[in-house]
file coords_16.tsv (TSV, C-alpha atoms)
chain	number	residue	atom	x	y	z
A	1077	MET	CA	-1.73	-28.18	1.64
A	1078	ILE	CA	-5.37	-27.54	2.40
A	1079	ILE	CA	-6.71	-24.26	1.09
A	1080	ASN	CA	-8.32	-22.42	3.98
A	1081	LEU	CA	-10.14	-19.09	4.16
A	1082	GLU	CA	-6.96	-17.06	4.70
A	1083	TYR	CA	-5.18	-18.48	1.65
A	1084	PHE	CA	-8.31	-18.05	-0.43
A	1085	ILE	CA	-8.50	-14.37	0.59
A	1086	MET	CA	-4.81	-13.89	-0.23
A	1087	VAL	CA	-5.23	-15.41	-3.71
A	1088	ILE	CA	-8.31	-13.26	-4.39
A	1089	ALA	CA	-6.49	-10.13	-3.16
A	1090	ALA	CA	-3.50	-10.88	-5.38
A	1091	LEU	CA	-5.70	-11.48	-8.43
A	1092	ILE	CA	-7.83	-8.37	-7.88
A	1093	THR	CA	-4.65	-6.33	-7.50
A	1094	LEU	CA	-3.28	-7.77	-10.74
A	1095	VAL	CA	-6.52	-6.90	-12.58
A	1096	LEU	CA	-6.42	-3.36	-11.16
A	1097	LEU	CA	-2.80	-2.99	-12.24
A	1098	LEU	CA	-3.41	-4.25	-15.75
A	1099	PHE	CA	-6.69	-2.52	-16.51
A	1100	MET	CA	-6.95	0.57	-14.30
A	1101	VAL	CA	-3.47	2.06	-14.51
A	1102	ASP	CA	-2.74	4.69	-17.16
A	1103	TRP	CA	0.50	3.27	-18.52
A	1104	ARG	CA	1.46	6.50	-20.32
A	1105	TYR	CA	3.00	7.45	-16.96
A	1106	PHE	CA	4.94	4.23	-16.51
A	1107	ARG	CA	8.06	6.07	-15.33
A	1108	ASP	CA	6.12	7.70	-12.50
A	1109	TRP	CA	4.26	4.55	-11.50
A	1110	ILE	CA	7.33	2.35	-11.31
A	1111	VAL	CA	8.95	4.94	-9.02
A	1112	VAL	CA	5.82	5.05	-6.83
A	1113	PHE	CA	5.70	1.26	-6.72
A	1114	PHE	CA	9.30	0.85	-5.57
A	1115	PHE	CA	9.10	3.80	-3.18
A	1116	LYS	CA	6.03	2.23	-1.54
A	1117	CYS	CA	7.60	-1.24	-1.42
A	1118	THR	CA	10.64	0.19	0.33
A	1119	LEU	CA	8.66	2.38	2.72
A	1120	ASP	CA	6.17	-0.37	3.56
A	1121	PHE	CA	8.82	-3.03	3.99
A	1122	ILE	CA	10.79	-0.85	6.42
A	1123	TRP	CA	7.72	0.46	8.26
A	1124	GLY	CA	5.97	-2.92	8.30
A	1125	GLY	CA	9.07	-4.65	9.60
A	1126	ALA	CA	9.42	-2.11	12.39
A	1127	VAL	CA	5.75	-2.39	13.34
A	1128	GLU	CA	5.94	-6.17	13.42
A	1129	ASN	CA	9.23	-6.20	15.36
A	1130	LEU	CA	7.66	-3.90	17.95
A	1131	LYS	CA	4.85	-6.51	18.20
A	1132	LEU	CA	2.15	-3.94	17.40
A	1133	LEU	CA	0.69	-6.29	14.79
A	1134	GLU	CA	0.95	-9.96	14.07
A	1135	TYR	CA	0.40	-11.83	10.80
A	1136	PRO	CA	-0.35	-15.45	11.78
A	1137	VAL	CA	-1.02	-16.51	8.17
A	1138	ARG	CA	1.34	-14.97	5.61
A	1139	LEU	CA	3.49	-15.71	2.60
A	1140	LEU	CA	6.94	-17.17	3.27
A	1141	PRO	CA	6.47	-17.36	7.05
A	1142	LYS	CA	9.93	-18.86	7.61
A	1143	TYR	CA	11.60	-15.78	6.15
A	1144	PHE	CA	9.32	-12.81	6.84
A	1145	GLU	CA	7.22	-11.76	9.81
A	1146	THR	CA	5.30	-9.15	7.80
A	1147	SER	CA	2.53	-9.46	5.26
A	1148	LEU	CA	4.48	-9.52	2.01
A	1149	LEU	CA	1.30	-9.68	-0.03
A	1150	PHE	CA	0.05	-6.38	1.35
A	1151	GLU	CA	3.38	-4.58	1.69
A	1152	VAL	CA	4.99	-5.41	-1.65
A	1153	TRP	CA	1.99	-6.02	-3.87
A	1154	VAL	CA	-1.47	-4.79	-2.81
A	1155	PHE	CA	-0.58	-1.50	-1.11
A	1156	PRO	CA	2.00	-0.34	-3.70
A	1157	VAL	CA	-0.50	-0.98	-6.53
A	1158	LEU	CA	-3.23	0.87	-4.65
A	1159	CYS	CA	-0.75	3.68	-4.16
A	1160	ILE	CA	-0.20	3.84	-7.92
A	1161	LEU	CA	-3.96	4.17	-8.35
A	1162	TYR	CA	-4.07	6.86	-5.66
A	1163	ASN	CA	-1.29	8.83	-7.34
A	1164	GLN	CA	-2.99	8.42	-10.71
A	1165	THR	CA	-6.28	9.68	-9.25
A	1166	THR	CA	-4.61	12.70	-7.65
A	1167	ARG	CA	-2.21	13.45	-10.50
A	1168	THR	CA	-3.96	16.67	-11.54
A	1169	ARG	CA	-5.71	17.52	-8.28
A	1170	GLY	CA	-4.91	20.25	-5.80
A	1171	LEU	CA	-4.02	19.88	-2.14
A	1172	VAL	CA	-7.61	19.38	-0.95
A	1173	GLY	CA	-8.17	16.58	-3.50
A	1174	ILE	CA	-4.86	14.96	-2.59
A	1175	ILE	CA	-5.76	14.88	1.11
A	1176	TRP	CA	-9.38	13.85	0.46
A	1177	TYR	CA	-8.38	10.89	-1.71
A	1178	ALA	CA	-5.67	9.82	0.76
A	1179	LEU	CA	-8.36	9.67	3.45
A	1180	LEU	CA	-10.80	7.91	1.12
A	1181	PHE	CA	-8.33	5.25	-0.03
A	1182	SER	CA	-7.19	4.74	3.58
A	1183	ALA	CA	-10.77	4.44	4.84
A	1184	LEU	CA	-11.57	1.83	2.19
A	1185	ILE	CA	-8.50	-0.24	3.06
A	1186	THR	CA	-9.27	0.09	6.78
A	1187	ALA	CA	-12.88	-0.98	6.16
A	1188	ILE	CA	-11.53	-4.17	4.58
A	1189	GLU	CA	-8.73	-4.76	7.09
A	1190	TYR	CA	-10.81	-4.42	10.26
A	1191	PRO	CA	-13.17	-7.35	9.51
A	1192	LEU	CA	-10.13	-9.37	8.41
A	1193	GLU	CA	-8.62	-8.68	11.82
A	1194	LEU	CA	-11.81	-9.72	13.59
A	1195	TYR	CA	-12.68	-12.86	11.63
A	1196	THR	CA	-9.46	-14.27	10.11
A	1197	ASN	CA	-5.86	-15.00	11.02
A	1198	LEU	CA	-4.43	-12.73	8.34
A	1199	ILE	CA	-3.78	-9.91	10.81
A	1200	LYS	CA	-4.07	-9.54	14.57
A	1201	TYR	CA	-3.89	-6.21	16.37
A	1202	LYS	CA	-1.73	-6.21	19.50
A	1203	SER	CA	-1.05	-2.56	20.38
A	1204	TRP	CA	-2.79	-1.32	17.26
A	1205	SER	CA	-6.28	-0.23	16.22
A	1206	TRP	CA	-8.29	0.43	13.11
A	1207	PHE	CA	-7.68	4.17	13.69
A	1208	THR	CA	-3.92	3.61	13.71
A	1209	THR	CA	-4.29	1.83	10.38
A	1210	LEU	CA	-6.35	4.71	9.02
A	1211	TYR	CA	-3.92	7.47	9.87
A	1212	THR	CA	-0.73	5.54	9.03
A	1213	LEU	CA	-2.13	4.60	5.62
A	1214	THR	CA	-3.15	8.21	5.04
A	1215	LEU	CA	0.33	9.43	5.94
A	1216	THR	CA	2.01	6.91	3.66
A	1217	PHE	CA	-0.30	7.80	0.76
A	1218	LEU	CA	0.59	11.46	1.29
A	1219	ALA	CA	4.29	10.59	1.56
A	1220	SER	CA	4.14	8.78	-1.77
A	1221	ARG	CA	2.39	11.77	-3.34
A	1222	ALA	CA	5.06	14.12	-1.99
A	1223	PHE	CA	7.79	11.80	-3.23
A	1224	ILE	CA	6.42	11.55	-6.76
A	1225	GLY	CA	5.96	15.33	-6.83
A	1226	PHE	CA	9.61	15.73	-5.84
A	1227	TYR	CA	10.64	13.13	-8.42
A	1228	ARG	CA	8.75	14.90	-11.21
A	1229	TRP	CA	10.21	18.24	-10.18
A	1230	GLY	CA	13.73	16.75	-10.17
A	1231	CYS	CA	13.26	15.16	-13.58
A	1232	ASP	CA	12.03	18.45	-15.05
A	1233	TYR	CA	14.62	20.58	-13.31
A	1234	PHE	CA	17.66	18.47	-14.13
A	1235	SER	CA	16.58	17.67	-17.69
A	1236	GLN	CA	16.65	21.43	-18.41
A	1237	LYS	CA	20.25	21.70	-17.14
A	1238	ARG	CA	21.72	19.78	-20.09

call {"tool": "encode", "arguments": {"input": "coords_16.tsv", "output": "structure tokens"}}
result
Amino acid sequence: MIINLEYFIMVIAALITLVLLLFMVDWRYFRDWIVVFFFKCTLDFIWGGAVENLKLLEYPVRLLPKYFETSLLFEVWVFPVLCILYNQTTRTRGLVGIIWYALLFSALITAIEYPLELYTNLIKYKSWSWFTTLYTLTLTFLASRAFIGFYRWGCDYFSQKR
């Protein structure tokens, strides 16, 4: 197999994500981060599958193309790890900080994705736009933050019931 630009970008993205996970995550909150990771994997896999099945996006070059139409690398590795970092960053922030960082993280991802859409075969917009990416990422970051807040509340609430 010849290594082309798309596969090179995927390897670099996977390695950068691994480095971020290993060196940027505060592992004292492992319980929270593993919940965020699996929540995001589930949400992204369902949402990404629906978006791809509706032919809003296409991923011409992807991992395991015989089995999955979505970008597994982004949906079950890169985005969930970035979501852990988002939740870590907003852990002690108020509502304004939570929304601001959701927009910031989403804008940074969108700023990377849009040139990838223009110049590579990693992603192709059909009935999609960079703005759709921006607001859907923002909503999913906020959903993960709401979910981990609910999870923490449930852990505290039910641990006191013993």

call {"tool": "closest_residue", "arguments": {"input": "coords_16.tsv", "among": "A:Val1101, A:Ala1089, A:Val1095, A:Leu1139", "to": "Ile1185 of chain A", "atoms": "all atoms listed in the file"}}
result
A:Ala1089

call {"tool": "residues_near_point", "arguments": {"input": "coords_16.tsv", "point": "(-3.1, 1.4, -12.1)", "cutoff": "6 Å", "atoms": "all atoms listed in the file", "output": "list in words"}}
result
Leu1096, Leu1097, Met1100, Val1101, Ile1160 and Leu1161 of chain A

call {"tool": "atom_distance", "arguments": {"input": "coords_16.tsv", "atom1": "atom CA of Tyr1162 of chain A", "atom2": "atom CA of Ile1199 of chain A"}}
result
23.5 Å

call {"tool": "closest_residue", "arguments": {"input": "coords_16.tsv", "among": "A:Phe1217, A:Trp1206, A:Tyr1105, A:Phe1226", "to": "Ile1175 of chain A", "atoms": "only C-alpha atoms"}}
result
A:Phe1217

call {"tool": "atom_distance", "arguments": {"input": "coords_16.tsv", "atom1": "atom CA of Leu1215 of chain A", "atom2": "atom CA of Ala1126 of chain A"}}
result
16.0 Å

call {"tool": "atom_distance", "arguments": {"input": "coords_16.tsv", "atom1": "atom CA of Trp1153 of chain A", "atom2": "atom CA of Trp1229 of chain A"}}
result
26.4 Å

call {"tool": "residues_around", "arguments": {"input": "coords_16.tsv", "residues": "Tyr1083 of chain A", "least_positions_apart": "3", "cutoff": "12 Å", "atoms": "only C-alpha atoms", "output": "VMD selection string"}}
result
chain A and resid 1077 to 1080 1086 to 1090 1136 to 1139 1149 1196 to 1198

call {"tool": "write_last_selection", "arguments": {"input": "coords_16.tsv", "atoms": "C-alpha atoms", "output": "compact mmCIF listing (two decimals), in the coordinates of the input"}}
result
# COMPACT_ATOMS: atom_id res chain seq x y z
CA MET A 1077 -1.73 -28.18 1.64
CA ILE A 1078 -5.37 -27.54 2.40
CA ILE A 1079 -6.71 -24.26 1.09
CA ASN A 1080 -8.32 -22.42 3.98
CA MET A 1086 -4.81 -13.89 -0.23
CA VAL A 1087 -5.23 -15.41 -3.71
CA ILE A 1088 -8.31 -13.26 -4.39
CA ALA A 1089 -6.49 -10.13 -3.16
CA ALA A 1090 -3.50 -10.88 -5.38
CA PRO A 1136 -0.35 -15.45 11.78
CA VAL A 1137 -1.02 -16.51 8.17
CA ARG A 1138 1.34 -14.97 5.61
CA LEU A 1139 3.49 -15.71 2.60
CA LEU A 1149 1.30 -9.68 -0.03
CA THR A 1196 -9.46 -14.27 10.11
CA ASN A 1197 -5.86 -15.00 11.02
CA LEU A 1198 -4.43 -12.73 8.34

call {"tool": "closest_residue", "arguments": {"input": "coords_16.tsv", "among": "A:Phe1223, A:Ser1203, A:Tyr1135, A:Gly1170", "to": "Ser1147 of chain A", "atoms": "all atoms listed in the file"}}
result
A:Tyr1135

call {"tool": "residues_near_point", "arguments": {"input": "coords_16.tsv", "point": "(6.4, 2.6, 7.0)", "cutoff": "12 Å", "atoms": "only C-alpha atoms", "output": "list in words"}}
result
Phe1115, Lys1116, Cys1117, Thr1118, Leu1119, Asp1120, Phe1121, Ile1122, Trp1123, Gly1124, Gly1125, Ala1126, Val1127, Glu1128, Thr1146, Glu1151, Val1152, Phe1155, Pro1156, Thr1209, Tyr1211, Thr1212, Leu1213, Thr1214, Leu1215, Thr1216, Phe1217, Ala1219 and Ser1220 of chain A

call {"tool": "write_last_selection", "arguments": {"input": "coords_16.tsv", "atoms": "C-alpha atoms", "output": "PDB file, in the coordinates of the input"}}
result
ATOM      1  CA  PHE A1115       9.100   3.800  -3.180  1.00  0.00           C
ATOM      2  CA  LYS A1116       6.030   2.230  -1.540  1.00  0.00           C
ATOM      3  CA  CYS A1117       7.600  -1.240  -1.420  1.00  0.00           C
ATOM      4  CA  THR A1118      10.640   0.190   0.330  1.00  0.00           C
ATOM      5  CA  LEU A1119       8.660   2.380   2.720  1.00  0.00           C
ATOM      6  CA  ASP A1120       6.170  -0.370   3.560  1.00  0.00           C
ATOM      7  CA  PHE A1121       8.820  -3.030   3.990  1.00  0.00           C
ATOM      8  CA  ILE A1122      10.790  -0.850   6.420  1.00  0.00           C
ATOM      9  CA  TRP A1123       7.720   0.460   8.260  1.00  0.00           C
ATOM     10  CA  GLY A1124       5.970  -2.920   8.300  1.00  0.00           C
ATOM     11  CA  GLY A1125       9.070  -4.650   9.600  1.00  0.00           C
ATOM     12  CA  ALA A1126       9.420  -2.110  12.390  1.00  0.00           C
ATOM     13  CA  VAL A1127       5.750  -2.390  13.340  1.00  0.00           C
ATOM     14  CA  GLU A1128       5.940  -6.170  13.420  1.00  0.00           C
ATOM     15  CA  THR A1146       5.300  -9.150   7.800  1.00  0.00           C
ATOM     16  CA  GLU A1151       3.380  -4.580   1.690  1.00  0.00           C
ATOM     17  CA  VAL A1152       4.990  -5.410  -1.650  1.00  0.00           C
ATOM     18  CA  PHE A1155      -0.580  -1.500  -1.110  1.00  0.00           C
ATOM     19  CA  PRO A1156       2.000  -0.340  -3.700  1.00  0.00           C
ATOM     20  CA  THR A1209      -4.290   1.830  10.380  1.00  0.00           C
ATOM     21  CA  TYR A1211      -3.920   7.470   9.870  1.00  0.00           C
ATOM     22  CA  THR A1212      -0.730   5.540   9.030  1.00  0.00           C
ATOM     23  CA  LEU A1213      -2.130   4.600   5.620  1.00  0.00           C
ATOM     24  CA  THR A1214      -3.150   8.210   5.040  1.00  0.00           C
ATOM     25  CA  LEU A1215       0.330   9.430   5.940  1.00  0.00           C
ATOM     26  CA  THR A1216       2.010   6.910   3.660  1.00  0.00           C
ATOM     27  CA  PHE A1217      -0.300   7.800   0.760  1.00  0.00           C
ATOM     28  CA  ALA A1219       4.290  10.590   1.560  1.00  0.00           C
ATOM     29  CA  SER A1220       4.140   8.780  -1.770  1.00  0.00           C
TER      30      SER A1220
END

call {"tool": "decode", "arguments": {"input": "coords_16.tsv", "residues": "segment 1089-1229 of chain A", "atoms": "C-alpha atoms", "output": "CSV table (one decimal), in the first residue's frame"}}
result
chain,number,residue,atom,x,y,z
A,1089,ALA,CA,-3.9,13.0,13.7
A,1090,ALA,CA,-4.0,9.7,15.6
A,1091,LEU,CA,-0.5,10.3,17.0
A,1092,ILE,CA,-1.2,13.9,18.1
A,1093,THR,CA,-4.4,12.7,19.7
A,1094,LEU,CA,-2.5,10.0,21.6
A,1095,VAL,CA,0.1,12.5,22.8
A,1096,LEU,CA,-2.8,14.9,23.9
A,1097,LEU,CA,-4.4,12.0,25.8
A,1098,LEU,CA,-1.3,10.9,27.5
A,1099,PHE,CA,0.2,14.2,28.5
A,1100,MET,CA,-2.6,16.8,28.6
A,1101,VAL,CA,-5.4,14.9,30.5
A,1102,ASP,CA,-5.6,15.2,34.3
A,1103,TRP,CA,-5.9,11.5,35.1
A,1104,ARG,CA,-7.1,12.2,38.7
A,1105,TYR,CA,-10.6,12.4,37.1
A,1106,PHE,CA,-10.3,9.1,35.2
A,1107,ARG,CA,-13.8,8.0,36.1
A,1108,ASP,CA,-15.2,11.2,34.5
A,1109,TRP,CA,-13.1,11.0,31.4
A,1110,ILE,CA,-13.8,7.4,30.6
A,1111,VAL,CA,-17.5,8.2,30.8
A,1112,VAL,CA,-17.1,11.3,28.5
A,1113,PHE,CA,-15.0,9.2,26.1
A,1114,PHE,CA,-17.6,6.4,25.8
A,1115,PHE,CA,-20.6,8.9,25.7
A,1116,LYS,CA,-18.9,10.8,22.8
A,1117,CYS,CA,-18.0,7.6,21.0
A,1118,THR,CA,-21.7,6.5,21.2
A,1119,LEU,CA,-23.1,9.9,20.3
A,1120,ASP,CA,-20.7,10.4,17.4
A,1121,PHE,CA,-21.1,6.9,16.0
A,1122,ILE,CA,-24.9,7.2,16.0
A,1123,TRP,CA,-24.9,10.8,14.7
A,1124,GLY,CA,-22.1,10.3,12.2
A,1125,GLY,CA,-23.8,7.2,10.8
A,1126,ALA,CA,-27.0,9.1,10.4
A,1127,VAL,CA,-25.3,12.0,8.7
A,1128,GLU,CA,-23.4,9.7,6.3
A,1129,ASN,CA,-26.5,7.6,5.6
A,1130,LEU,CA,-28.4,10.8,4.7
A,1131,LYS,CA,-25.5,11.5,2.3
A,1132,LEU,CA,-24.8,14.9,3.9
A,1133,LEU,CA,-21.1,14.0,4.1
A,1134,GLU,CA,-18.9,11.5,2.4
A,1135,TYR,CA,-15.5,10.1,3.6
A,1136,PRO,CA,-13.8,8.8,0.5
A,1137,VAL,CA,-10.6,7.8,2.4
A,1138,ARG,CA,-11.3,6.2,5.8
A,1139,LEU,CA,-10.3,3.4,8.1
A,1140,LEU,CA,-12.0,0.0,7.5
A,1141,PRO,CA,-13.9,1.2,4.4
A,1142,LYS,CA,-15.5,-2.2,3.8
A,1143,TYR,CA,-17.2,-2.1,7.1
A,1144,PHE,CA,-17.9,1.6,8.0
A,1145,GLU,CA,-19.0,4.5,5.9
A,1146,THR,CA,-18.0,7.1,8.6
A,1147,SER,CA,-14.7,8.4,9.7
A,1148,LEU,CA,-13.9,6.1,12.6
A,1149,LEU,CA,-10.7,7.9,13.3
A,1150,PHE,CA,-12.5,11.2,14.0
A,1151,GLU,CA,-15.7,9.7,15.6
A,1152,VAL,CA,-14.1,7.1,18.0
A,1153,TRP,CA,-10.7,8.6,18.6
A,1154,VAL,CA,-10.0,12.2,17.8
A,1155,PHE,CA,-13.3,13.9,18.8
A,1156,PRO,CA,-13.8,11.9,22.0
A,1157,VAL,CA,-10.3,12.8,23.2
A,1158,LEU,CA,-10.8,16.4,22.3
A,1159,CYS,CA,-14.1,16.2,24.2
A,1160,ILE,CA,-12.2,15.0,27.3
A,1161,LEU,CA,-9.9,18.0,27.0
A,1162,TYR,CA,-12.9,20.3,26.6
A,1163,ASN,CA,-14.6,18.9,29.7
A,1164,GLN,CA,-11.3,19.1,31.6
A,1165,THR,CA,-11.0,22.8,30.6
A,1166,THR,CA,-14.5,23.6,31.6
A,1167,ARG,CA,-14.6,21.5,34.7
A,1168,THR,CA,-14.7,24.4,37.1
A,1169,ARG,CA,-16.1,27.1,34.8
A,1170,GLY,CA,-19.5,28.7,34.8
A,1171,LEU,CA,-22.0,28.7,32.0
A,1172,VAL,CA,-20.4,31.5,30.0
A,1173,GLY,CA,-17.0,29.6,30.1
A,1174,ILE,CA,-18.7,26.3,29.1
A,1175,ILE,CA,-20.3,27.9,26.1
A,1176,TRP,CA,-17.2,30.0,25.1
A,1177,TYR,CA,-14.9,26.9,25.2
A,1178,ALA,CA,-17.5,24.8,23.2
A,1179,LEU,CA,-17.4,27.5,20.5
A,1180,LEU,CA,-13.6,27.8,20.6
A,1181,PHE,CA,-13.0,24.1,20.4
A,1182,SER,CA,-15.6,23.8,17.6
A,1183,ALA,CA,-14.1,26.7,15.7
A,1184,LEU,CA,-10.6,25.1,15.9
A,1185,ILE,CA,-11.8,21.8,14.7
A,1186,THR,CA,-13.8,23.5,11.9
A,1187,ALA,CA,-10.7,25.5,10.9
A,1188,ILE,CA,-8.8,22.2,10.4
A,1189,GLU,CA,-11.7,20.3,8.8
A,1190,TYR,CA,-12.6,22.9,6.1
A,1191,PRO,CA,-9.2,22.9,4.4
A,1192,LEU,CA,-9.2,19.1,4.6
A,1193,GLU,CA,-12.5,19.1,2.8
A,1194,LEU,CA,-11.2,21.5,0.1
A,1195,TYR,CA,-7.8,19.8,-0.5
A,1196,THR,CA,-8.0,16.1,0.5
A,1197,ASN,CA,-10.3,13.1,0.1
A,1198,LEU,CA,-10.7,12.7,3.9
A,1199,ILE,CA,-14.1,14.4,3.9
A,1200,LYS,CA,-16.4,15.8,1.2
A,1201,TYR,CA,-19.4,18.0,1.9
A,1202,LYS,CA,-22.6,17.1,0.0
A,1203,SER,CA,-25.4,18.9,1.8
A,1204,TRP,CA,-23.2,20.2,4.5
A,1205,SER,CA,-21.1,23.3,5.2
A,1206,TRP,CA,-18.4,24.5,7.5
A,1207,PHE,CA,-21.1,26.3,9.5
A,1208,THR,CA,-23.0,23.1,10.0
A,1209,THR,CA,-19.8,21.5,11.3
A,1210,LEU,CA,-19.3,24.4,13.7
A,1211,TYR,CA,-22.8,24.4,15.3
A,1212,THR,CA,-23.1,20.5,15.4
A,1213,LEU,CA,-19.7,20.2,17.1
A,1214,THR,CA,-20.7,23.0,19.5
A,1215,LEU,CA,-23.9,21.2,20.4
A,1216,THR,CA,-22.2,17.9,20.9
A,1217,PHE,CA,-19.5,19.5,23.2
A,1218,LEU,CA,-22.3,21.0,25.2
A,1219,ALA,CA,-24.2,17.7,25.3
A,1220,SER,CA,-21.1,16.0,26.6
A,1221,ARG,CA,-20.8,18.7,29.3
A,1222,ALA,CA,-24.4,18.3,30.3
A,1223,PHE,CA,-24.0,14.5,30.4
A,1224,ILE,CA,-20.9,14.6,32.6
A,1225,GLY,CA,-22.7,17.1,34.9
A,1226,PHE,CA,-25.6,14.7,35.2
A,1227,TYR,CA,-23.3,11.8,35.8
A,1228,ARG,CA,-21.4,13.6,38.6
A,1229,TRP,CA,-24.7,14.7,40.2
